[in-house]
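The next block holds one structure in the form of structure tokens; read it before the comments.
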Amino acid sequence: MIHSARLKVKKIIKETDQAVSIELEIPKELQTEFQYVSGQYLTFIASIQNEELRRSYSLCSSPEESKWKVAVKEVEGGRFSNFACRKLNEGDELEVLPPNGKFCLPSKIEDTDQFLLIAAGSGITPVISMIKTILHSSNATVFLLYGNQNSDQIIFKDELLDLKNQFVDRLSLHFILSQEIVEEELFYGRIDVQKIRAFDKKLFDLNKIKEIFMCGPEAMILDLKNEFITKGLRDDQIHFELFGIAAVSKPKSAIVHKDGNCMVNLKLDGRTMNFNLEFNTNSILDAALKNKANLPYACKGGVCCTCKAKLLSGKVNMYVNYGLEPDEIANGYILTCQSYPESDEVSIDFDV
Ligand SMILES: Cc1cc2nc3c(=O)[nH]c(=O)nc-3n(C[C@H](O)[C@H](O)[C@H](O)COP(=O)(O)OP(=O)(O)OC[C@H]3O[C@@H](n4cnc5c(N)ncnc54)[C@H](O)[C@@H]3O)c2cc1C
Ligand code: FES
């Protein structure tokens, strides 16, 4: 089971009007547990207006820098992001879960590899970490398409330009702005299928790209993924991270035509707990939390996989899954925040 740690905020930098970066101090004894690979995220647990919030933020530092830094962009009315951007101070402590996530570079990067990275807005955070790792640990080439409304909103603009100067032949850097007049029309607008068609063979050659990593709005990612598949890239070459998903309502197929309760047996930290869960009410995660189980979770949206567990017996309906791979599903893993019981009894193991 994953446990949280209280970590001190070492440094806060105002990166743009709407975004701050937050560097954390990791004591020596926690550095192994907090080791990460580029693309992973940390989850913060905070109590804001008497409500416990859990929010994930991708690491924008790279392991090669021996730093733990995230960046938070303020969203309108956003509870944690407003707190982080306006109220958090250097020296404060935050409760943090260790790094997690599968949006990661391949373990071996060849010098001849070419990577296409696409980010929009705060989606640059995991992407800049990947860029630093690729450039500093190999001779591979990176093409970055980074979309924003205007140049003032470009998070890490100076750091990206410095990297470009340092790795002039290996980093191909392109800012695309949707609400600011730019010299070349090609770089004006949103990153969409038309843009990718215009960029292919001009900025990069999709036939030569080894892997694609994207982080931004759901609609952009799903459209571009379709386009890349149409152009002949394989599913396993295309990776993406979603920071949130469009609100999903429970589909009719998720409704179990059954009254009564399911007996849920949970294994956690070597101990077993049981509780009754009425069909069609709560997800297994929510029901367990109500029963005071200290379970790991973050997004509650089927994205981050923090709530992953193994279904040992019984049947559940998992109605959203953006995170588990087909082989994990085949091996019985479920996202408990999205899983509703379908059988009279289910047994679930969080320790595997
Ligand atoms: C794996 C992962 C990694 C993430 N990495 C980052 C990161 O590096 N930097 C970063 O800034 N964020 C990141 N996020 C998003 C972050 O976790 C929060 O969802 C976001 O900061 C909003 O939280 P909040 O408490 O401020 O807003 P809430 O109080 O939860 O929401 C308030 C309102 O804002 C809307 N909203 C929520 N999220 C967004 C959003 N992202 N864009 C626009 N509107 C939104 C909600 O619909 C709601 O109306 C990541 C999310 C995930 C799942
Ligand atoms: S808590 Fe993020 S997928 Fe369940």
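In the structure tokens, the first chain shown is A, the next is B, and so on; residue numbers restart at 1 for each chain, and ligands run from 1 in the order shown.
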
*segment 133-142 of chain A surroundings by only C-alpha atoms, 9 Å radius, close-in-sequence under 5 positions cut, as number ranges by chain*: A: 37-38, 62-64, 105, 109-117, 128, 163, 167, 169-173

May I have the residues from that selection written out with C-alpha atoms, as a PDB file, in the first residue's frame?
```pdb
ATOM      1  CA  VAL A  37      10.696   8.539 -13.999  1.00  0.00           C
ATOM      2  CA  SER A  38       9.899  11.444 -16.312  1.00  0.00           C
ATOM      3  CA  SER A  62      13.632  15.383 -14.366  1.00  0.00           C
ATOM      4  CA  PRO A  63      15.267  12.629 -12.281  1.00  0.00           C
ATOM      5  CA  GLU A  64      18.671  13.689 -13.712  1.00  0.00           C
ATOM      6  CA  LEU A 105       9.406   7.247 -21.616  1.00  0.00           C
ATOM      7  CA  ILE A 109      16.308   5.365 -25.601  1.00  0.00           C
ATOM      8  CA  GLU A 110      18.427   4.852 -28.731  1.00  0.00           C
ATOM      9  CA  ASP A 111      20.434   7.764 -30.145  1.00  0.00           C
ATOM     10  CA  THR A 112      18.602   7.427 -33.466  1.00  0.00           C
ATOM     11  CA  ASP A 113      15.115   7.672 -31.881  1.00  0.00           C
ATOM     12  CA  GLN A 114      12.803  10.551 -32.738  1.00  0.00           C
ATOM     13  CA  PHE A 115      10.054  11.562 -30.313  1.00  0.00           C
ATOM     14  CA  LEU A 116       7.078  13.781 -31.038  1.00  0.00           C
ATOM     15  CA  LEU A 117       5.804  15.525 -27.891  1.00  0.00           C
ATOM     16  CA  ILE A 128       9.275  19.142 -20.201  1.00  0.00           C
ATOM     17  CA  LEU A 163      17.226  23.846 -23.828  1.00  0.00           C
ATOM     18  CA  PHE A 167      20.589  21.222 -27.919  1.00  0.00           C
ATOM     19  CA  ASP A 169      20.204  20.151 -33.443  1.00  0.00           C
ATOM     20  CA  ARG A 170      18.177  17.802 -31.272  1.00  0.00           C
ATOM     21  CA  LEU A 171      15.275  19.905 -29.962  1.00  0.00           C
ATOM     22  CA  SER A 172      12.826  21.220 -32.523  1.00  0.00           C
ATOM     23  CA  LEU A 173      10.648  23.641 -30.553  1.00  0.00           C
TER      24      LEU A 173
END
```

_With DSSP run on the backbone, what are the alpha helix (DSSP H) residues within segment 84-266 of chain A? I'd like them as a PyMOL selection string._
chain A and resi 124-137+157-166+193-199+218-230

*Using only C-alpha atoms, pick whichever of A:Tyr36, A:Tyr340, A:Phe83, A:Phe204 has the shortest atom-to-atom distance to Gly314 of chain A.*
A:Tyr340

Hey, which residues sit close to ligand 2? Say within 10 Å, counting only C-alpha atoms and all ligand atoms, and write them as a compact mmCIF listing (two decimals) with N, CA and C atoms, in the first residue's frame.
```
# COMPACT_ATOMS: atom_id res chain seq x y z
N ARG A 54 -7.77 15.55 -2.97
CA ARG A 54 -6.57 14.90 -3.49
C ARG A 54 -6.41 15.36 -4.93
N ARG A 55 -5.27 15.92 -5.23
CA ARG A 55 -5.04 16.41 -6.59
C ARG A 55 -3.65 15.97 -7.05
N SER A 56 -3.58 15.54 -8.31
CA SER A 56 -2.31 15.05 -8.85
C SER A 56 -1.64 16.15 -9.68
N GLY A 101 2.13 6.65 -11.90
CA GLY A 101 1.72 6.94 -13.27
C GLY A 101 2.51 6.15 -14.29
N GLY A 244 -7.78 15.70 -16.73
CA GLY A 244 -9.17 15.64 -16.28
C GLY A 244 -9.95 15.12 -17.46
N LEU A 285 -14.75 2.06 -4.33
CA LEU A 285 -13.84 2.96 -3.60
C LEU A 285 -14.65 3.85 -2.65
N LEU A 295 -7.90 3.85 1.80
CA LEU A 295 -7.49 3.35 0.48
C LEU A 295 -6.77 4.43 -0.33
N PRO A 296 -5.88 4.02 -1.23
CA PRO A 296 -5.21 5.01 -2.08
C PRO A 296 -6.13 5.46 -3.22
N TYR A 297 -6.21 6.75 -3.47
CA TYR A 297 -6.95 7.25 -4.62
C TYR A 297 -6.48 8.68 -4.89
N ALA A 298 -6.81 9.19 -6.08
CA ALA A 298 -6.47 10.59 -6.40
C ALA A 298 -7.58 11.19 -7.24
N CYS A 299 -7.63 10.88 -8.55
CA CYS A 299 -8.52 11.63 -9.44
C CYS A 299 -10.00 11.25 -9.33
N LYS A 300 -10.30 10.05 -8.91
CA LYS A 300 -11.67 9.50 -8.89
C LYS A 300 -12.35 9.61 -10.25
N GLY A 301 -11.56 9.68 -11.30
CA GLY A 301 -12.14 9.84 -12.63
C GLY A 301 -11.69 8.76 -13.61
N GLY A 302 -11.07 7.69 -13.14
CA GLY A 302 -10.64 6.62 -14.02
C GLY A 302 -9.40 6.96 -14.83
N VAL A 303 -8.64 7.97 -14.37
CA VAL A 303 -7.50 8.44 -15.15
C VAL A 303 -6.16 7.99 -14.55
N CYS A 304 -6.02 8.19 -13.22
CA CYS A 304 -4.67 8.11 -12.63
C CYS A 304 -4.24 6.70 -12.22
N CYS A 305 -5.16 5.78 -12.02
CA CYS A 305 -4.87 4.39 -11.61
C CYS A 305 -4.41 4.23 -10.16
N THR A 306 -4.44 5.30 -9.36
CA THR A 306 -3.99 5.18 -7.97
C THR A 306 -4.86 4.17 -7.21
N CYS A 307 -6.13 4.05 -7.60
CA CYS A 307 -7.07 3.19 -6.87
C CYS A 307 -7.10 1.76 -7.42
N LYS A 308 -6.11 1.43 -8.23
CA LYS A 308 -6.07 0.09 -8.87
C LYS A 308 -6.00 -1.03 -7.83
N ALA A 309 -6.75 -2.11 -8.06
CA ALA A 309 -6.69 -3.29 -7.18
C ALA A 309 -7.03 -4.51 -8.04
N VAL A 320 -15.60 3.47 -16.54
CA VAL A 320 -14.64 4.37 -17.20
C VAL A 320 -13.24 3.82 -16.95
N ASN A 321 -12.44 3.76 -17.97
CA ASN A 321 -11.05 3.35 -17.78
C ASN A 321 -10.17 4.06 -18.79
N TYR A 322 -9.39 5.02 -18.32
CA TYR A 322 -8.42 5.69 -19.19
C TYR A 322 -7.01 5.25 -18.85
N GLY A 323 -6.87 4.40 -17.85
CA GLY A 323 -5.53 4.13 -17.34
C GLY A 323 -5.03 2.71 -17.47
N LEU A 324 -5.91 1.72 -17.25
CA LEU A 324 -5.42 0.33 -17.24
C LEU A 324 -5.16 -0.16 -18.66
N ILE A 334 -8.73 -3.81 -11.62
CA ILE A 334 -9.86 -2.89 -11.82
C ILE A 334 -9.50 -1.53 -11.21
N LEU A 335 -10.19 -0.49 -11.68
CA LEU A 335 -10.11 0.81 -11.02
C LEU A 335 -11.29 0.86 -10.06
N THR A 336 -11.00 0.87 -8.77
CA THR A 336 -12.11 0.74 -7.81
C THR A 336 -12.99 1.98 -7.78
N CYS A 337 -12.44 3.15 -8.21
CA CYS A 337 -13.27 4.37 -8.21
C CYS A 337 -14.34 4.30 -9.30
N GLN A 338 -14.17 3.39 -10.24
CA GLN A 338 -15.12 3.29 -11.37
C GLN A 338 -15.88 1.97 -11.38
N SER A 339 -15.66 1.15 -10.36
CA SER A 339 -16.22 -0.21 -10.38
C SER A 339 -17.41 -0.35 -9.44
```

_Protein and nucleic acid residues within 9 Å of ligand 1 (only C-alpha atoms and all ligand atoms) as a ChimeraX atom specification_ = /A:19-20,40-44,53-60,70-84,100-101,103,121-126,216-217,241-247,298-305

Put those residues in a file: C-alpha atoms, as a short mmCIF file (atom, residue, chain, number, x, y, z; two decimals), in the first residue's frame.
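Dumped everything to selection.cif:
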```cif
data_model
loop_
_atom_site.label_atom_id
_atom_site.label_comp_id
_atom_site.auth_asym_id
_atom_site.auth_seq_id
_atom_site.Cartn_x
_atom_site.Cartn_y
_atom_site.Cartn_z
CA ALA A 19 0.94 29.24 -12.78
CA VAL A 20 3.50 28.52 -10.08
CA GLN A 40 5.04 10.53 -13.48
CA TYR A 41 3.06 12.65 -11.03
CA LEU A 42 2.72 13.33 -7.31
CA THR A 43 -0.61 13.45 -5.50
CA PHE A 44 -1.23 16.11 -2.84
CA LEU A 53 -8.99 17.06 -1.54
CA ARG A 54 -6.57 14.90 -3.49
CA ARG A 55 -5.04 16.41 -6.59
CA SER A 56 -2.31 15.05 -8.85
CA TYR A 57 0.45 17.18 -10.43
CA SER A 58 3.01 15.90 -12.92
CA LEU A 59 6.66 16.32 -12.07
CA CYS A 60 8.20 18.94 -14.34
CA VAL A 70 5.63 20.31 -9.99
CA ALA A 71 3.77 23.21 -11.59
CA VAL A 72 0.18 24.16 -10.85
CA LYS A 73 -1.95 26.27 -13.18
CA GLU A 74 -4.82 28.11 -11.53
CA VAL A 75 -8.23 27.04 -12.82
CA GLU A 76 -11.22 29.30 -12.28
CA GLY A 77 -12.92 28.34 -9.03
CA GLY A 78 -10.42 25.51 -8.61
CA ARG A 79 -9.98 24.78 -4.91
CA PHE A 80 -6.51 23.25 -4.75
CA SER A 81 -5.00 25.22 -7.64
CA ASN A 82 -6.14 28.53 -6.11
CA PHE A 83 -4.69 27.51 -2.76
CA ALA A 84 -1.38 26.48 -4.37
CA ASN A 100 2.91 7.25 -9.67
CA GLY A 101 1.72 6.94 -13.27
CA PHE A 103 2.87 8.01 -18.85
CA GLY A 121 -1.30 24.71 -21.42
CA SER A 122 -0.32 23.05 -18.15
CA GLY A 123 0.11 19.81 -20.13
CA ILE A 124 3.73 20.88 -20.58
CA THR A 125 4.65 19.64 -17.07
CA PRO A 126 5.28 15.93 -17.75
CA GLY A 216 -3.65 18.34 -22.99
CA PRO A 217 -7.42 18.48 -23.34
CA GLU A 241 -1.95 11.77 -20.07
CA LEU A 242 -5.28 13.40 -19.26
CA PHE A 243 -5.42 15.99 -16.48
CA GLY A 244 -9.17 15.64 -16.28
CA ILE A 245 -11.97 14.18 -18.32
CA ALA A 246 -15.24 15.52 -19.61
CA ALA A 247 -18.01 14.79 -17.12
CA ALA A 298 -6.47 10.59 -6.40
CA CYS A 299 -8.52 11.63 -9.44
CA LYS A 300 -11.67 9.50 -8.89
CA GLY A 301 -12.14 9.84 -12.63
CA GLY A 302 -10.64 6.62 -14.02
CA VAL A 303 -7.50 8.44 -15.15
CA CYS A 304 -4.67 8.11 -12.63
CA CYS A 305 -4.87 4.39 -11.61
#
```

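Reported to one decimal place, the separation of atom CA of Phe228 of chain A from atom CA of Lys157 of chain A is 27.1 Å.
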
_Residues near Ile118 of chain A, cut-off 12 Å, only C-alpha atoms, skip fewer than 4 positions along chain, as an MDAnalysis selection string_ = chainID A and resid 122:128 130:131 142:148 172:176 190:192 195:196 211:217 220:221 224:225 238:241

How would the residues just picked look written out with N, CA and C atoms as a compact mmCIF listing (two decimals), in the first residue's frame?
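Full text of part.txt as output:
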```txt
# COMPACT_ATOMS: atom_id res chain seq x y z
N SER A 122 -1.10 23.68 -19.23
CA SER A 122 -0.32 23.05 -18.15
C SER A 122 0.13 21.64 -18.51
N GLY A 123 -0.32 21.12 -19.64
CA GLY A 123 0.11 19.81 -20.13
C GLY A 123 1.61 19.74 -20.42
N ILE A 124 2.28 20.87 -20.34
CA ILE A 124 3.73 20.88 -20.58
C ILE A 124 4.50 20.20 -19.44
N THR A 125 3.88 20.10 -18.24
CA THR A 125 4.65 19.64 -17.07
C THR A 125 5.32 18.27 -17.25
N PRO A 126 4.57 17.20 -17.58
CA PRO A 126 5.28 15.93 -17.75
C PRO A 126 6.17 15.94 -18.98
N VAL A 127 5.76 16.76 -19.96
CA VAL A 127 6.46 16.78 -21.25
C VAL A 127 7.85 17.43 -21.12
N ILE A 128 7.95 18.51 -20.34
CA ILE A 128 9.28 19.14 -20.20
C ILE A 128 10.21 18.21 -19.43
N MET A 130 10.19 14.97 -19.69
CA MET A 130 10.63 13.99 -20.69
C MET A 130 11.69 14.60 -21.61
N ILE A 131 11.47 15.86 -22.01
CA ILE A 131 12.42 16.51 -22.92
C ILE A 131 13.81 16.53 -22.27
N VAL A 142 14.02 15.38 -30.35
CA VAL A 142 12.68 15.68 -29.84
C VAL A 142 12.03 16.78 -30.68
N PHE A 143 10.78 16.56 -31.07
CA PHE A 143 9.98 17.61 -31.70
C PHE A 143 8.91 17.98 -30.70
N LEU A 144 8.85 19.25 -30.32
CA LEU A 144 7.81 19.67 -29.38
C LEU A 144 6.83 20.64 -30.04
N LEU A 145 5.53 20.31 -29.97
CA LEU A 145 4.48 21.25 -30.36
C LEU A 145 3.80 21.65 -29.07
N TYR A 146 3.83 22.95 -28.76
CA TYR A 146 3.29 23.40 -27.47
C TYR A 146 2.28 24.53 -27.71
N GLY A 147 1.01 24.23 -27.40
CA GLY A 147 -0.07 25.18 -27.67
C GLY A 147 -0.50 25.98 -26.45
N ASN A 148 -0.72 27.27 -26.67
CA ASN A 148 -1.23 28.17 -25.62
C ASN A 148 -2.09 29.23 -26.29
N SER A 172 13.53 20.39 -31.55
CA SER A 172 12.83 21.22 -32.52
C SER A 172 11.58 21.75 -31.79
N LEU A 173 11.61 23.06 -31.49
CA LEU A 173 10.65 23.64 -30.55
C LEU A 173 9.66 24.55 -31.29
N HIS A 174 8.35 24.29 -31.12
CA HIS A 174 7.36 25.09 -31.85
C HIS A 174 6.21 25.49 -30.94
N PHE A 175 6.05 26.81 -30.74
CA PHE A 175 4.93 27.32 -29.96
C PHE A 175 3.78 27.60 -30.93
N ILE A 176 2.58 27.16 -30.57
CA ILE A 176 1.40 27.41 -31.41
C ILE A 176 0.42 28.24 -30.56
N ARG A 190 -5.12 26.31 -33.03
CA ARG A 190 -5.04 25.23 -32.05
C ARG A 190 -4.32 24.04 -32.66
N ILE A 191 -3.77 23.20 -31.79
CA ILE A 191 -3.13 21.98 -32.31
C ILE A 191 -4.25 20.98 -32.60
N ASP A 192 -4.53 20.80 -33.87
CA ASP A 192 -5.59 19.87 -34.25
C ASP A 192 -5.12 19.02 -35.43
N LYS A 195 -3.56 20.86 -38.33
CA LYS A 195 -2.20 21.32 -38.05
C LYS A 195 -1.20 20.16 -38.21
N ILE A 196 -1.56 19.00 -37.65
CA ILE A 196 -0.64 17.85 -37.74
C ILE A 196 -0.39 17.53 -39.21
N GLU A 211 7.97 7.27 -30.98
CA GLU A 211 6.84 7.30 -30.04
C GLU A 211 6.31 8.73 -29.90
N ILE A 212 5.03 8.83 -29.61
CA ILE A 212 4.39 10.14 -29.44
C ILE A 212 3.86 10.23 -28.01
N PHE A 213 4.09 11.36 -27.35
CA PHE A 213 3.58 11.60 -26.00
C PHE A 213 2.76 12.89 -26.02
N MET A 214 1.51 12.81 -25.54
CA MET A 214 0.64 14.00 -25.59
C MET A 214 0.03 14.27 -24.23
N CYS A 215 -0.08 15.55 -23.88
CA CYS A 215 -0.75 15.92 -22.64
C CYS A 215 -1.51 17.22 -22.89
N GLY A 216 -2.82 17.17 -22.72
CA GLY A 216 -3.65 18.34 -22.99
C GLY A 216 -5.10 17.96 -22.88
N PRO A 217 -6.00 18.78 -23.46
CA PRO A 217 -7.42 18.48 -23.34
C PRO A 217 -7.80 17.15 -24.01
N MET A 220 -8.57 17.13 -27.84
CA MET A 220 -7.38 17.23 -28.70
C MET A 220 -6.68 15.87 -28.78
N ILE A 221 -6.51 15.27 -27.62
CA ILE A 221 -5.76 14.01 -27.57
C ILE A 221 -6.46 12.91 -28.37
N LEU A 224 -6.23 13.61 -32.16
CA LEU A 224 -4.89 13.41 -32.72
C LEU A 224 -4.53 11.93 -32.73
N LYS A 225 -4.94 11.23 -31.69
CA LYS A 225 -4.63 9.79 -31.64
C LYS A 225 -5.23 9.08 -32.87
N ILE A 238 1.68 5.44 -29.21
CA ILE A 238 1.00 6.70 -28.88
C ILE A 238 0.61 6.69 -27.40
N HIS A 239 1.15 7.64 -26.66
CA HIS A 239 0.90 7.69 -25.21
C HIS A 239 0.26 9.03 -24.87
N PHE A 240 -0.64 9.02 -23.90
CA PHE A 240 -1.20 10.31 -23.48
C PHE A 240 -1.52 10.33 -22.00
N GLU A 241 -1.55 11.55 -21.47
CA GLU A 241 -1.95 11.77 -20.07
C GLU A 241 -3.09 12.77 -20.09
```

*asked:* I need the residue nearest Pro326 of chain A from this list: A:Asp235, A:Ser283, A:Asp259, A:Ala120. Use only C-alpha atoms for the distance.
replied: A:Asp235

*In terms of the shortest atom-to-atom distance over only C-alpha atoms, which of A:Gly39, A:Ile209, A:Asp92, A:His3 is closest to Leu24 of chain A?*
A:Asp92

*asked:* Here is a test: counting only C-alpha atoms, which residue of A:Leu233, A:Leu312, A:Leu186, A:Cys104 is nearest to Asp351 of chain A?
replied: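 Of A:Leu233, A:Leu312, A:Leu186, A:Cys104, the one nearest Asp351 of chain A, counting only C-alpha atoms, is A:Leu312.
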
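The closest residue to Gly91 of chain A, picked from A:Val9, A:Leu161, A:Ile155, A:Leu268 and counting only C-alpha atoms, is A:Val9.
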
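For Tyr188 of chain A, the list of residues within 9 Å, based on only C-alpha atoms and with local chain neighbours fewer than 6 positions off taken out, reads Phe175, Ile176, Leu177, Ser178, Gln179, Glu180, Ile181 and Val182 of chain A.
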